[in-house]
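For reference, input-v2.csv (CSV, C-alpha atoms):
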chain,number,residue,atom,x,y,z
A,1,MET,CA,241.1,131.4,309.5
A,2,LYS,CA,239.4,128.6,307.7
A,3,ARG,CA,237.3,127.8,310.7
A,4,GLY,CA,236.2,131.4,311.1
A,5,GLY,CA,235.1,131.5,307.4
A,6,VAL,CA,233.0,128.4,307.9
A,7,ALA,CA,231.4,129.8,311.0
A,8,ALA,CA,230.6,133.1,309.3
A,9,LEU,CA,229.0,131.2,306.5
A,10,ALA,CA,226.8,129.3,308.9
A,11,VAL,CA,225.7,132.6,310.4
A,12,LEU,CA,225.0,133.9,306.9
A,13,LEU,CA,222.9,130.9,306.0
A,14,THR,CA,220.9,130.8,309.2
A,15,GLY,CA,220.6,134.5,309.9
A,16,PRO,CA,221.4,136.3,313.1
A,17,ALA,CA,221.1,134.4,316.4
A,18,GLN,CA,217.4,134.8,317.1
A,19,ALA,CA,215.2,132.3,318.8
A,20,ASP,CA,215.6,129.3,316.6
A,21,GLU,CA,212.3,127.9,315.7
A,22,ARG,CA,213.7,125.1,313.7
A,23,ARG,CA,212.8,121.7,315.0
A,24,SER,CA,214.0,118.3,313.9
A,25,GLY,CA,211.4,115.7,312.9
A,26,PHE,CA,212.6,113.9,316.1
A,27,ASP,CA,210.7,116.5,318.1
A,28,TYR,CA,207.4,115.5,316.5
A,29,MET,CA,207.7,111.8,317.4
A,30,GLY,CA,206.3,110.0,320.3
A,31,PRO,CA,208.6,109.1,323.3
A,32,GLU,CA,208.9,105.5,322.3
A,33,THR,CA,210.1,106.3,318.8
A,34,GLN,CA,212.4,108.9,320.2
A,35,LEU,CA,213.9,106.3,322.6
A,36,MET,CA,214.3,103.9,319.8
A,37,GLN,CA,216.5,106.5,318.0
A,38,THR,CA,218.5,107.6,321.0
A,39,ASP,CA,219.3,104.1,322.4
A,40,ASP,CA,222.0,102.6,320.2
A,41,MET,CA,221.0,99.1,321.3
A,42,ALA,CA,217.4,99.7,320.1
A,43,ASN,CA,218.1,101.7,317.0
A,44,PRO,CA,217.9,99.4,313.9
A,45,GLY,CA,220.0,102.0,312.0
A,46,MET,CA,223.0,100.8,314.1
A,47,LEU,CA,222.8,97.4,312.4
A,48,ALA,CA,223.2,99.2,309.1
A,49,VAL,CA,226.2,101.1,310.6
A,50,GLN,CA,227.8,97.8,311.6
A,51,ALA,CA,227.3,96.4,308.1
A,52,GLY,CA,228.8,99.6,306.8
A,53,MET,CA,231.9,99.0,309.0
A,54,ARG,CA,232.4,95.5,307.5
A,55,LEU,CA,232.0,96.8,304.0
A,56,TRP,CA,234.4,99.7,304.7
A,57,GLN,CA,237.2,97.1,305.3
A,58,GLU,CA,236.3,94.8,302.3
A,59,THR,CA,238.1,95.1,299.0
A,60,ALA,CA,236.0,95.7,296.0
A,61,GLY,CA,236.5,96.1,292.3
A,62,ASP,CA,239.5,95.6,289.9
A,63,ALA,CA,241.7,97.9,292.0
A,64,GLU,CA,241.3,95.5,295.0
A,65,ARG,CA,241.2,98.4,297.4
A,66,SER,CA,238.9,98.8,300.4
A,67,CYS,CA,237.6,102.2,301.5
A,68,GLU,CA,239.9,101.7,304.5
A,69,SER,CA,243.0,101.2,302.4
A,70,CYS,CA,242.7,104.8,301.3
A,71,HIS,CA,240.7,106.5,304.0
A,72,GLY,CA,241.9,104.7,307.1
A,73,ASP,CA,239.8,104.8,310.2
A,74,ALA,CA,236.3,106.0,309.3
A,75,GLU,CA,235.8,107.5,312.7
A,76,LYS,CA,238.7,109.9,312.0
A,77,SER,CA,238.6,110.5,308.2
A,78,MET,CA,234.8,110.7,307.9
A,79,ARG,CA,234.2,113.0,310.8
A,80,GLY,CA,232.0,115.9,309.8
A,81,VAL,CA,231.8,114.8,306.1
A,82,ALA,CA,228.1,114.1,306.0
A,83,ALA,CA,227.3,117.4,307.7
A,84,ARG,CA,228.9,119.2,304.7
A,85,TYR,CA,227.1,117.2,301.9
A,86,PRO,CA,225.9,117.5,299.2
A,87,ALA,CA,229.2,119.0,298.1
A,88,TYR,CA,230.6,120.1,294.7
A,89,ASP,CA,232.8,117.7,292.8
A,90,ALA,CA,234.9,119.7,290.3
A,91,THR,CA,235.7,116.6,288.1
A,92,ALA,CA,232.1,115.6,287.7
A,93,GLN,CA,231.1,119.4,287.6
A,94,SER,CA,228.2,118.5,289.8
A,95,ALA,CA,227.0,118.5,293.3
A,96,VAL,CA,227.0,115.0,294.8
A,97,ASP,CA,225.4,113.7,297.9
A,98,VAL,CA,227.1,111.2,300.2
A,99,ALA,CA,225.7,108.2,298.3
A,100,GLY,CA,226.8,109.8,295.0
A,101,ARG,CA,230.3,110.3,296.5
A,102,VAL,CA,230.5,106.7,297.6
A,103,ASN,CA,229.7,105.6,294.1
A,104,LEU,CA,232.3,108.0,292.7
A,105,CYS,CA,234.9,106.3,294.9
A,106,ARG,CA,233.7,102.9,293.7
A,107,THR,CA,234.0,103.8,290.0
A,108,ARG,CA,237.0,106.2,290.2
A,109,HIS,CA,239.1,104.6,292.8
A,110,GLN,CA,238.0,101.0,293.3
A,111,GLY,CA,237.3,100.0,289.6
A,112,ALA,CA,233.9,98.7,290.8
A,113,GLU,CA,230.4,99.1,289.6
A,114,PRO,CA,228.3,101.8,291.3
A,115,LEU,CA,225.8,100.4,293.8
A,116,PRO,CA,222.1,100.9,292.9
A,117,GLN,CA,220.3,103.6,294.9
A,118,GLU,CA,218.6,102.1,298.0
A,119,ASP,CA,220.9,99.1,297.8
A,120,ALA,CA,221.4,97.9,301.4
A,121,ASP,CA,225.2,98.0,301.1
A,122,LEU,CA,225.1,101.6,299.8
A,123,LEU,CA,222.7,102.6,302.7
A,124,ALA,CA,225.1,100.9,305.1
A,125,LEU,CA,228.1,102.8,303.9
A,126,VAL,CA,226.3,106.1,303.9
A,127,SER,CA,224.9,105.3,307.4
A,128,LEU,CA,228.5,104.6,308.7
A,129,ILE,CA,229.7,107.9,307.2
A,130,GLY,CA,226.6,109.7,308.6
A,131,LEU,CA,227.2,108.5,312.1
A,132,GLN,CA,230.6,110.2,312.1
A,133,SER,CA,228.8,113.5,312.0
A,134,ARG,CA,226.2,112.7,314.7
A,135,GLY,CA,225.9,115.6,317.0
A,136,LEU,CA,227.9,117.9,314.8
A,137,PRO,CA,226.2,121.0,313.3
A,138,VAL,CA,225.2,121.0,309.6
A,139,MET,CA,227.9,123.1,307.8
A,140,PRO,CA,227.1,123.5,304.1
A,141,ASP,CA,229.9,123.2,301.6
A,142,PRO,CA,231.3,126.7,301.0
A,143,ASP,CA,232.1,126.0,297.3
A,144,PRO,CA,230.6,128.9,295.4
A,145,GLN,CA,229.3,126.4,292.8
A,146,MET,CA,226.9,125.1,295.3
A,147,SER,CA,224.8,128.3,295.4
A,148,GLN,CA,223.1,127.6,292.1
A,149,TRP,CA,222.2,124.1,293.3
A,150,ARG,CA,220.7,125.5,296.4
A,151,SER,CA,218.7,128.1,294.5
A,152,ARG,CA,217.4,125.4,292.1
A,153,GLY,CA,216.4,123.4,295.2
A,154,ALA,CA,214.7,126.4,296.7
A,155,ASP,CA,212.7,126.9,293.5
A,156,LEU,CA,211.6,123.3,293.5
A,157,PHE,CA,210.7,123.6,297.2
A,158,ASP,CA,208.4,126.6,296.5
A,159,ARG,CA,206.8,125.3,293.3
A,160,ARG,CA,203.3,123.8,293.5
A,161,MET,CA,203.3,120.3,292.0
A,162,GLY,CA,201.1,117.4,291.2
A,163,GLN,CA,197.3,117.0,290.8
A,164,LEU,CA,196.9,118.2,294.4
A,165,ASN,CA,198.8,121.3,293.5
A,166,LEU,CA,200.9,121.7,296.6
A,167,SER,CA,204.4,122.9,297.1
A,168,CYS,CA,206.8,121.5,299.7
A,169,ALA,CA,206.9,124.9,301.4
A,170,GLN,CA,203.1,125.0,301.8
A,171,CYS,CA,203.3,121.9,304.0
A,172,HIS,CA,206.8,122.2,305.6
A,173,ASP,CA,207.1,126.0,306.0
A,174,ASP,CA,203.5,127.2,306.3
A,175,ASN,CA,201.8,124.2,308.0
A,176,ALA,CA,204.6,122.5,309.9
A,177,GLY,CA,203.3,121.4,313.3
A,178,GLY,CA,199.8,120.8,311.8
A,179,HIS,CA,198.3,117.4,311.2
A,180,LEU,CA,197.7,115.8,307.8
A,181,GLY,CA,195.3,113.1,309.0
A,182,SER,CA,197.2,111.5,311.8
A,183,ALA,CA,200.6,112.6,310.7
A,184,PRO,CA,202.2,115.6,312.2
A,185,ILE,CA,203.9,117.7,309.5
A,186,PRO,CA,207.6,118.1,310.3
A,187,GLN,CA,209.7,120.9,309.1
A,188,ALA,CA,211.5,118.6,306.6
A,189,HIS,CA,215.0,118.8,308.0
A,190,PRO,CA,217.4,116.3,306.4
A,191,THR,CA,219.6,115.8,309.4
A,192,GLY,CA,218.8,112.2,310.2
A,193,TYR,CA,219.4,110.4,306.9
A,194,PRO,CA,219.6,107.5,306.0
A,195,ILE,CA,216.8,106.7,308.4
A,196,TYR,CA,215.2,103.6,309.7
A,197,ARG,CA,211.5,104.2,308.9
A,198,LEU,CA,208.9,102.2,310.8
A,199,GLU,CA,206.6,102.4,307.8
A,200,TRP,CA,209.2,100.9,305.5
A,201,GLN,CA,210.5,98.4,308.1
A,202,GLU,CA,214.0,99.2,306.7
A,203,MET,CA,216.6,101.8,306.1
A,204,GLY,CA,216.0,104.4,303.4
A,205,SER,CA,217.6,107.5,301.9
A,206,LEU,CA,216.5,111.1,301.9
A,207,GLN,CA,215.7,110.6,298.2
A,208,ARG,CA,213.3,107.8,299.0
A,209,ARG,CA,211.6,110.1,301.6
A,210,LEU,CA,211.3,112.9,299.0
A,211,ARG,CA,209.7,110.4,296.6
A,212,GLY,CA,207.0,109.7,299.1
A,213,CYS,CA,206.1,113.3,299.4
A,214,LEU,CA,206.1,113.7,295.6
A,215,SER,CA,203.7,110.7,295.1
A,216,GLY,CA,201.6,112.1,298.0
A,217,VAL,CA,200.8,115.2,295.9
A,218,ARG,CA,200.1,113.0,292.9
A,219,SER,CA,203.2,113.9,291.0
A,220,ASP,CA,205.7,111.5,289.5
A,221,PRO,CA,208.9,111.3,291.5
A,222,TRP,CA,212.1,112.0,289.4
A,223,PRO,CA,214.2,108.9,288.8
A,224,TYR,CA,216.6,108.1,291.7
A,225,GLY,CA,219.9,110.0,291.5
A,226,SER,CA,218.3,112.9,289.5
A,227,ASP,CA,219.9,116.3,289.9
A,228,ALA,CA,216.6,117.6,291.2
A,229,TYR,CA,216.9,115.6,294.4
A,230,VAL,CA,220.5,116.7,294.9
A,231,ALA,CA,219.4,120.3,294.5
A,232,ILE,CA,216.6,119.9,297.0
A,233,GLU,CA,219.0,118.0,299.4
A,234,ALA,CA,221.4,120.9,299.1
A,235,TYR,CA,218.7,123.5,299.8
A,236,LEU,CA,217.4,121.5,302.8
A,237,MET,CA,220.9,121.3,304.3
A,238,GLN,CA,221.3,125.0,303.9
A,239,ARG,CA,217.9,125.5,305.6
A,240,ALA,CA,219.1,123.2,308.4
A,241,ALA,CA,222.6,124.8,308.7
A,242,GLY,CA,223.8,124.7,312.3
A,243,MET,CA,221.3,122.0,313.4
A,244,PRO,CA,222.8,118.9,314.8
A,245,MET,CA,223.1,115.8,312.6
A,246,GLU,CA,221.2,112.7,313.9
A,247,THR,CA,222.1,109.9,311.5
A,248,PRO,CA,220.9,107.2,311.8
A,249,ALA,CA,217.5,108.6,312.8
A,250,VAL,CA,214.3,106.6,313.3
A,251,ARG,CA,211.1,108.0,311.8
A,252,PRO,CA,207.5,106.8,312.0
B,1,MET,CA,188.3,122.7,279.8
B,2,TRP,CA,184.7,123.2,280.8
B,3,ALA,CA,185.6,123.7,284.4
B,4,GLY,CA,188.1,126.4,283.3
B,5,LEU,CA,185.3,128.3,281.5
B,6,VAL,CA,183.0,128.2,284.5
B,7,LEU,CA,185.7,129.4,286.8
B,8,ALA,CA,186.7,132.3,284.5
B,9,SER,CA,183.1,133.5,284.4
B,10,ALA,CA,182.9,133.2,288.2
B,11,LEU,CA,186.0,135.4,288.6
B,12,THR,CA,184.8,138.2,286.3
B,13,ALA,CA,181.0,138.3,287.2
B,14,GLY,CA,180.1,141.8,288.3
B,15,GLY,CA,183.6,143.0,287.9
B,16,ALA,CA,184.5,141.6,291.3
B,17,LEU,CA,185.2,138.2,292.7
B,18,ALA,CA,182.1,136.1,292.5
B,19,GLN,CA,181.5,134.2,295.6
B,20,GLY,CA,179.7,131.2,294.1
B,21,LEU,CA,178.9,129.0,291.1
B,22,PRO,CA,175.1,128.8,291.1
B,23,GLU,CA,174.8,126.5,288.1
B,24,PRO,CA,175.2,122.8,289.0
B,25,LEU,CA,177.8,120.9,287.0
B,26,PRO,CA,176.5,118.6,284.3
B,27,ALA,CA,175.4,115.7,286.5
B,28,LEU,CA,172.4,114.1,288.1
B,29,PRO,CA,171.2,115.9,291.2
B,30,GLY,CA,173.7,115.4,294.1
B,31,ASP,CA,173.3,112.4,296.4
B,32,PRO,CA,174.3,113.3,300.0
B,33,VAL,CA,174.8,109.6,300.9
B,34,ARG,CA,177.4,109.2,298.2
B,35,GLY,CA,178.8,112.6,299.1
B,36,ARG,CA,179.4,111.6,302.7
B,37,ALA,CA,181.3,108.5,301.5
B,38,ILE,CA,183.5,110.6,299.3
B,39,VAL,CA,184.3,113.1,302.0
B,40,GLU,CA,185.1,110.3,304.5
B,41,ASP,CA,187.3,108.3,302.1
B,42,ARG,CA,191.0,109.0,302.4
B,43,GLN,CA,191.8,108.1,298.8
B,44,THR,CA,188.8,109.6,297.0
B,45,GLY,CA,188.0,112.9,298.8
B,46,LEU,CA,191.1,113.3,300.9
B,47,CYS,CA,189.0,116.0,302.8
B,48,LEU,CA,189.7,114.7,306.3
B,49,LEU,CA,193.4,114.7,305.8
B,50,CYS,CA,193.0,118.5,306.2
B,51,HIS,CA,189.5,119.0,307.7
B,52,SER,CA,187.8,117.8,310.8
B,53,GLY,CA,184.0,117.6,311.2
B,54,PRO,CA,181.1,115.6,312.5
B,55,PHE,CA,182.5,112.3,311.4
B,56,PRO,CA,182.7,110.1,314.6
B,57,ASP,CA,183.7,107.0,312.6
B,58,VAL,CA,186.8,108.6,311.1
B,59,PRO,CA,189.9,108.5,313.3
B,60,PHE,CA,192.7,111.1,313.0
B,61,GLN,CA,191.1,114.0,311.2
B,62,GLY,CA,193.4,116.8,310.0
B,63,ASP,CA,193.7,120.3,311.4
B,64,LEU,CA,195.0,122.3,308.4
B,65,GLY,CA,191.5,123.6,307.2
B,66,PRO,CA,188.4,124.8,309.0
B,67,ASP,CA,186.1,122.3,310.8
B,68,LEU,CA,183.3,121.4,308.5
B,69,THR,CA,180.7,121.3,311.2
B,70,GLY,CA,177.9,123.7,310.3
B,71,VAL,CA,179.4,124.5,306.9
B,72,GLY,CA,176.1,124.0,305.2
B,73,ALA,CA,174.7,126.8,307.3
B,74,ARG,CA,177.7,129.1,306.6
B,75,LEU,CA,177.8,128.6,302.9
B,76,ASP,CA,175.1,128.1,300.3
B,77,PRO,CA,175.4,125.5,297.5
B,78,ALA,CA,176.8,128.0,295.0
B,79,GLU,CA,179.5,129.1,297.4
B,80,LEU,CA,180.3,125.4,298.2
B,81,ARG,CA,180.5,124.6,294.5
B,82,LEU,CA,183.0,127.4,293.8
B,83,ARG,CA,185.2,126.2,296.7
B,84,MET,CA,185.0,122.6,295.5
B,85,VAL,CA,185.7,123.4,291.9
B,86,ASP,CA,188.7,125.5,292.6
B,87,SER,CA,189.4,127.2,295.9
B,88,ARG,CA,192.1,129.3,294.3
B,89,ALA,CA,189.2,131.5,293.1
B,90,ILE,CA,188.7,132.6,296.7
B,91,ASN,CA,192.3,132.4,298.0
B,92,GLY,CA,195.2,132.3,295.5
B,93,ASP,CA,197.5,130.8,298.1
B,94,THR,CA,195.0,128.1,299.3
B,95,ILE,CA,196.3,124.6,300.1
B,96,MET,CA,192.9,123.1,299.3
B,97,PRO,CA,193.4,121.1,296.1
B,98,PRO,CA,191.4,122.2,292.9
B,99,TYR,CA,188.9,119.3,292.8
B,100,PHE,CA,187.4,120.2,289.4
B,101,SER,CA,190.1,122.2,287.6
B,102,ARG,CA,193.2,121.3,285.7
B,103,ASP,CA,194.3,125.0,285.3
B,104,GLY,CA,197.9,125.8,285.9
B,105,LEU,CA,198.9,122.4,287.3
B,106,ASN,CA,202.6,121.4,287.1
B,107,ARG,CA,204.2,117.9,287.0
B,108,VAL,CA,201.0,115.9,287.4
B,109,GLY,CA,201.7,112.2,287.7
B,110,ASP,CA,201.0,110.1,284.6
B,111,ARG,CA,198.2,108.2,286.4
B,112,TRP,CA,196.3,111.5,286.9
B,113,THR,CA,197.2,113.5,283.8
B,114,GLY,CA,194.1,115.0,282.2
B,115,GLU,CA,191.9,114.1,285.1
B,116,THR,CA,190.3,116.2,287.8
B,117,ILE,CA,190.5,114.9,291.4
B,118,LEU,CA,186.7,114.4,291.4
B,119,ASP,CA,184.3,114.2,288.5
B,120,ALA,CA,181.2,116.4,288.1
B,121,GLN,CA,178.9,113.9,289.7
B,122,GLN,CA,181.2,113.5,292.7
B,123,ILE,CA,181.4,117.3,293.1
B,124,GLU,CA,177.6,117.5,293.1
B,125,ASP,CA,177.3,114.6,295.6
B,126,VAL,CA,179.8,116.3,297.9
B,127,ILE,CA,177.9,119.6,297.7
B,128,ALA,CA,174.6,117.9,298.5
B,129,PHE,CA,176.2,116.3,301.5
B,130,LEU,CA,178.0,119.4,302.8
B,131,ALA,CA,174.6,121.3,302.5
B,132,THR,CA,173.2,118.9,305.1
B,133,LEU,CA,175.9,119.9,307.6
B,134,THR,CA,173.7,122.7,309.1
B,135,GLN,CA,174.0,121.8,312.8
B,136,GLU,CA,176.5,123.6,314.9
B,137,GLU,CA,178.2,121.3,317.4
B,138,SER,CA,175.9,120.5,320.3
B,139,GLU,CA,177.8,120.1,323.5
Now, as a test, write the supplied structure out as structure tokens.
Amino acid sequence: MKRGGVAALAVLLTGPAQADERRSGFDYMGPETQLMQTDDMANPGMLAVQAGMRLWQETAGDAERSCESCHGDAEKSMRGVAARYPAYDATAQSAVDVAGRVNLCRTRHQGAEPLPQEDADLLALVSLIGLQSRGLPVMPDPDPQMSQWRSRGADLFDRRMGQLNLSCAQCHDDNAGGHLGSAPIPQAHPTGYPIYRLEWQEMGSLQRRLRGCLSGVRSDPWPYGSDAYVAIEAYLMQRAAGMPMETPAVRP
Amino acid sequence: MWAGLVLASALTAGGALAQGLPEPLPALPGDPVRGRAIVEDRQTGLCLLCHSGPFPDVPFQGDLGPDLTGVGARLDPAELRLRMVDSRAINGDTIMPPYFSRDGLNRVGDRWTGETILDAQQIEDVIAFLATLTQEESE
């Protein structure tokens, strides 16, 4: 029953089964970068996952609890979680992405300070959680409260911004597959985050990736953690519903 | 402000969409050598992020807009000027940035607030350069 509902939602969000023209950013990469992602021995994101596994077992904060002490084995308890995020948190009355959720657990349940966005430990935990959805289809959170977040994200995606006056959609819907200078324009699917980006030489979040596109059109990125990012993330996940998760992905 | 006025008059001239801006912007006559440098520069002109053209020294040209080869034969300086000042006058959905208009922009970064992408002199330089691109590709 529950499963059926979720499957029906996925159909609703992706439309009827036609030829799916959605392609992951993976498909636009050269074979060497693809191999770096698919070979766990070569994928630098797996180092972040290992660090995440250590942190999962470490106690933190006044409560002296580890993630493991409440959630047990991450491979079991975190399976499919990242494929459903951002999700609605009724207490915070807000959509939260996986990083936001980890920080809620730190403050609510561990009596610890939230980790700063892009902190290596936070990225490591989010990568560990993301890996537990690798290969699973994106299944957006069915909470009805999420629809307003997605529609806000869709509005932002379609709105021209910055001195160059371009919307996300003009590049990622209308011109995907084209080339901006040397860079192929991907369809902007969020399925691989956190990613190891060759240009950064380190792991980074989807929010960091979005900031790059905002600066690119000569707009000012919103501060890390802003609702605007979570709204765009929620919209992008709906747009990618049914596509397989790839965390930790590698990108050029 | 000024750019906005010029554009408005271009849009209403003859009751239909005017195809060009015949009056040069207030600047010294355009210099095609400086114009080429602006077009080829990734930070200043940004043109080759989207366009390709007869620029053998520039690797990785974009393919989102038409090839600029022969554009000086296809379009006269007035037509080039209108496209440079604000391509939205030709195509409301254009992805070509408005190089000399601040009309209707949203969330412009602090560093760029109140500034156009190129100034009047740079626009005239680019037009002077594009006007020299009269050769069709010789193969």
Proximity of chain A to chain B: per-residue shortest pair, 7 Å limit, only C-alpha atoms, as a Markdown table:
| residue | atom | partner | partner_atom | distance |
| --- | --- | --- | --- | --- |
| A:Arg160 | CA | B:Asn106 | CA | 6.9 |
| A:Met161 | CA | B:Asn106 | CA | 5.1 |
| A:Gly162 | CA | B:Val108 | CA | 4.1 |
| A:Gln163 | CA | B:Val108 | CA | 5.1 |
| A:Leu164 | CA | B:Pro97 | CA | 4.9 |
| A:Asn165 | CA | B:Pro97 | CA | 6.0 |
| A:Leu166 | CA | B:Ile95 | CA | 6.5 |
| A:Gly178 | CA | B:Leu64 | CA | 6.1 |
| A:His179 | CA | B:Gly62 | CA | 5.1 |
| A:Leu180 | CA | B:Leu49 | CA | 4.9 |
| A:Gly181 | CA | B:Leu49 | CA | 4.1 |
| A:Ser182 | CA | B:Phe60 | CA | 4.7 |
| A:Arg218 | CA | B:Gly109 | CA | 5.5 |
| A:Ser219 | CA | B:Gly109 | CA | 4.0 |
| A:Asp220 | CA | B:Gly109 | CA | 4.4 |
With C-alpha atoms retained, could you export that selection as a short mmCIF file (atom, residue, chain, number, x, y, z; two decimals), in the frame of the given file?
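Written out: selection-v9.cif:
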data_model
loop_
_atom_site.label_atom_id
_atom_site.label_comp_id
_atom_site.auth_asym_id
_atom_site.auth_seq_id
_atom_site.Cartn_x
_atom_site.Cartn_y
_atom_site.Cartn_z
CA ARG A 160 203.30 123.80 293.50
CA MET A 161 203.30 120.30 292.00
CA GLY A 162 201.10 117.40 291.20
CA GLN A 163 197.30 117.00 290.80
CA LEU A 164 196.90 118.20 294.40
CA ASN A 165 198.80 121.30 293.50
CA LEU A 166 200.90 121.70 296.60
CA GLY A 178 199.80 120.80 311.80
CA HIS A 179 198.30 117.40 311.20
CA LEU A 180 197.70 115.80 307.80
CA GLY A 181 195.30 113.10 309.00
CA SER A 182 197.20 111.50 311.80
CA ARG A 218 200.10 113.00 292.90
CA SER A 219 203.20 113.90 291.00
CA ASP A 220 205.70 111.50 289.50
#
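Taking CA of Gln238 (chain A) and CA of His71 (chain A) as endpoints, the distance between them is 26.8 Å.
Going from CA of Gly52 (chain A) over to CA of Arg150 (chain A), you cover 29.1 Å.
Going from CA of Asp41 (chain B) over to CA of Asp86 (chain B), you cover 19.7 Å.
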Determine the axis-aligned bounding box of all atoms of region 99-111 of chain B present in the file, pad each side by 4 Å, and express its centre and edge lengths in Å to one decimal place as AutoDock Vina command-line options.
--center_x 195.8 --center_y 117.0 --center_z 288.7 --size_x 24.8 --size_y 25.6 --size_z 16.2
Item to complete: Would you list the contacts of region 209-211 of chain A as a list in words, taking every protein, DNA or RNA residue within 8 Å and counting only C-alpha atoms, but skipping same-chain residues closer than 4 positions in sequence?
Response: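 After dropping sequence-adjacent residues, the list is Gly204, Ser205, Ser215, Pro221, Trp222 and Tyr229 of chain A.
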Worksheet entry | Protein, DNA and RNA residues within 10 Å of (223.9, 102.5, 303.6), all atoms listed in the file, as number ranges by chain | A: 45, 48-49, 51-52, 55, 98-99, 102, 117-130, 193-195, 203-205, 248
Practice prompt. Determine, counting only C-alpha atoms, which protein, DNA and RNA residues have an atom within 12 Å of an atom of Gly30 (chain A); residues of the same chain fewer than 2 positions away are not included. Present the result as a list in words.
Written response: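 Returned residues: Gly25, Phe26, Asp27, Tyr28, Glu32, Thr33, Gln34, Leu35, Met36, Gln37, Ala183, Pro184, Val250, Arg251 and Pro252 of chain A.
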Worksheet item: At a cut-off of 10 Å from (240.0, 99.2, 307.1) in the coordinates of the file, what residues are picked up using all atoms listed in the file, written as a list in words?
Response: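 Residues satisfying the cut-off, written out: Met53, Arg54, Leu55, Trp56, Gln57, Glu58, Thr59, Arg65, Ser66, Cys67, Glu68, Ser69, Cys70, His71, Gly72, Asp73 and Ala74 of chain A.
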Output region 70-85 of chain A as an mmCIF file, in the frame of the given file, making sure N, CA and C atoms are there.
data_model
loop_
_atom_site.group_PDB
_atom_site.id
_atom_site.type_symbol
_atom_site.label_atom_id
_atom_site.label_comp_id
_atom_site.auth_asym_id
_atom_site.auth_seq_id
_atom_site.Cartn_x
_atom_site.Cartn_y
_atom_site.Cartn_z
ATOM 1 N N CYS A 70 242.376 103.448 301.593
ATOM 2 C CA CYS A 70 242.700 104.800 301.300
ATOM 3 C C CYS A 70 242.328 105.804 302.401
ATOM 4 N N HIS A 71 241.202 105.549 303.064
ATOM 5 C CA HIS A 71 240.700 106.500 304.000
ATOM 6 C C HIS A 71 241.029 106.196 305.479
ATOM 7 N N GLY A 72 241.575 105.015 305.723
ATOM 8 C CA GLY A 72 241.900 104.700 307.100
ATOM 9 C C GLY A 72 240.692 104.503 307.978
ATOM 10 N N ASP A 73 240.844 104.902 309.225
ATOM 11 C CA ASP A 73 239.800 104.800 310.200
ATOM 12 C C ASP A 73 238.639 105.730 309.898
ATOM 13 N N ALA A 74 237.451 105.158 309.651
ATOM 14 C CA ALA A 74 236.300 106.000 309.300
ATOM 15 C C ALA A 74 235.977 107.016 310.357
ATOM 16 N N GLU A 75 236.167 106.622 311.626
ATOM 17 C CA GLU A 75 235.800 107.500 312.700
ATOM 18 C C GLU A 75 236.645 108.825 312.627
ATOM 19 N N LYS A 76 237.849 108.737 312.117
ATOM 20 C CA LYS A 76 238.700 109.900 312.000
ATOM 21 C C LYS A 76 238.433 110.612 310.632
ATOM 22 N N SER A 77 238.601 109.824 309.543
ATOM 23 C CA SER A 77 238.600 110.500 308.200
ATOM 24 C C SER A 77 237.217 110.939 307.795
ATOM 25 N N MET A 78 236.163 110.343 308.315
ATOM 26 C CA MET A 78 234.800 110.700 307.900
ATOM 27 C C MET A 78 234.114 111.649 308.837
ATOM 28 N N ARG A 79 234.820 112.063 309.881
ATOM 29 C CA ARG A 79 234.200 113.000 310.800
ATOM 30 C C ARG A 79 233.783 114.276 310.174
ATOM 31 N N GLY A 80 232.505 114.635 310.321
ATOM 32 C CA GLY A 80 232.000 115.900 309.800
ATOM 33 C C GLY A 80 231.702 115.908 308.305
ATOM 34 N N VAL A 81 232.017 114.825 307.602
ATOM 35 C CA VAL A 81 231.800 114.800 306.100
ATOM 36 C C VAL A 81 230.354 114.946 305.774
ATOM 37 N N ALA A 82 229.507 114.093 306.371
ATOM 38 C CA ALA A 82 228.100 114.100 306.000
ATOM 39 C C ALA A 82 227.411 115.417 306.324
ATOM 40 N N ALA A 83 227.916 116.126 307.348
ATOM 41 C CA ALA A 83 227.300 117.400 307.700
ATOM 42 C C ALA A 83 227.572 118.479 306.673
ATOM 43 N N ARG A 84 228.471 118.207 305.734
ATOM 44 C CA ARG A 84 228.900 119.200 304.700
ATOM 45 C C ARG A 84 228.256 118.851 303.342
ATOM 46 N N TYR A 85 227.656 117.680 303.204
ATOM 47 C CA TYR A 85 227.100 117.200 301.900
ATOM 48 C C TYR A 85 225.692 117.646 301.693
#
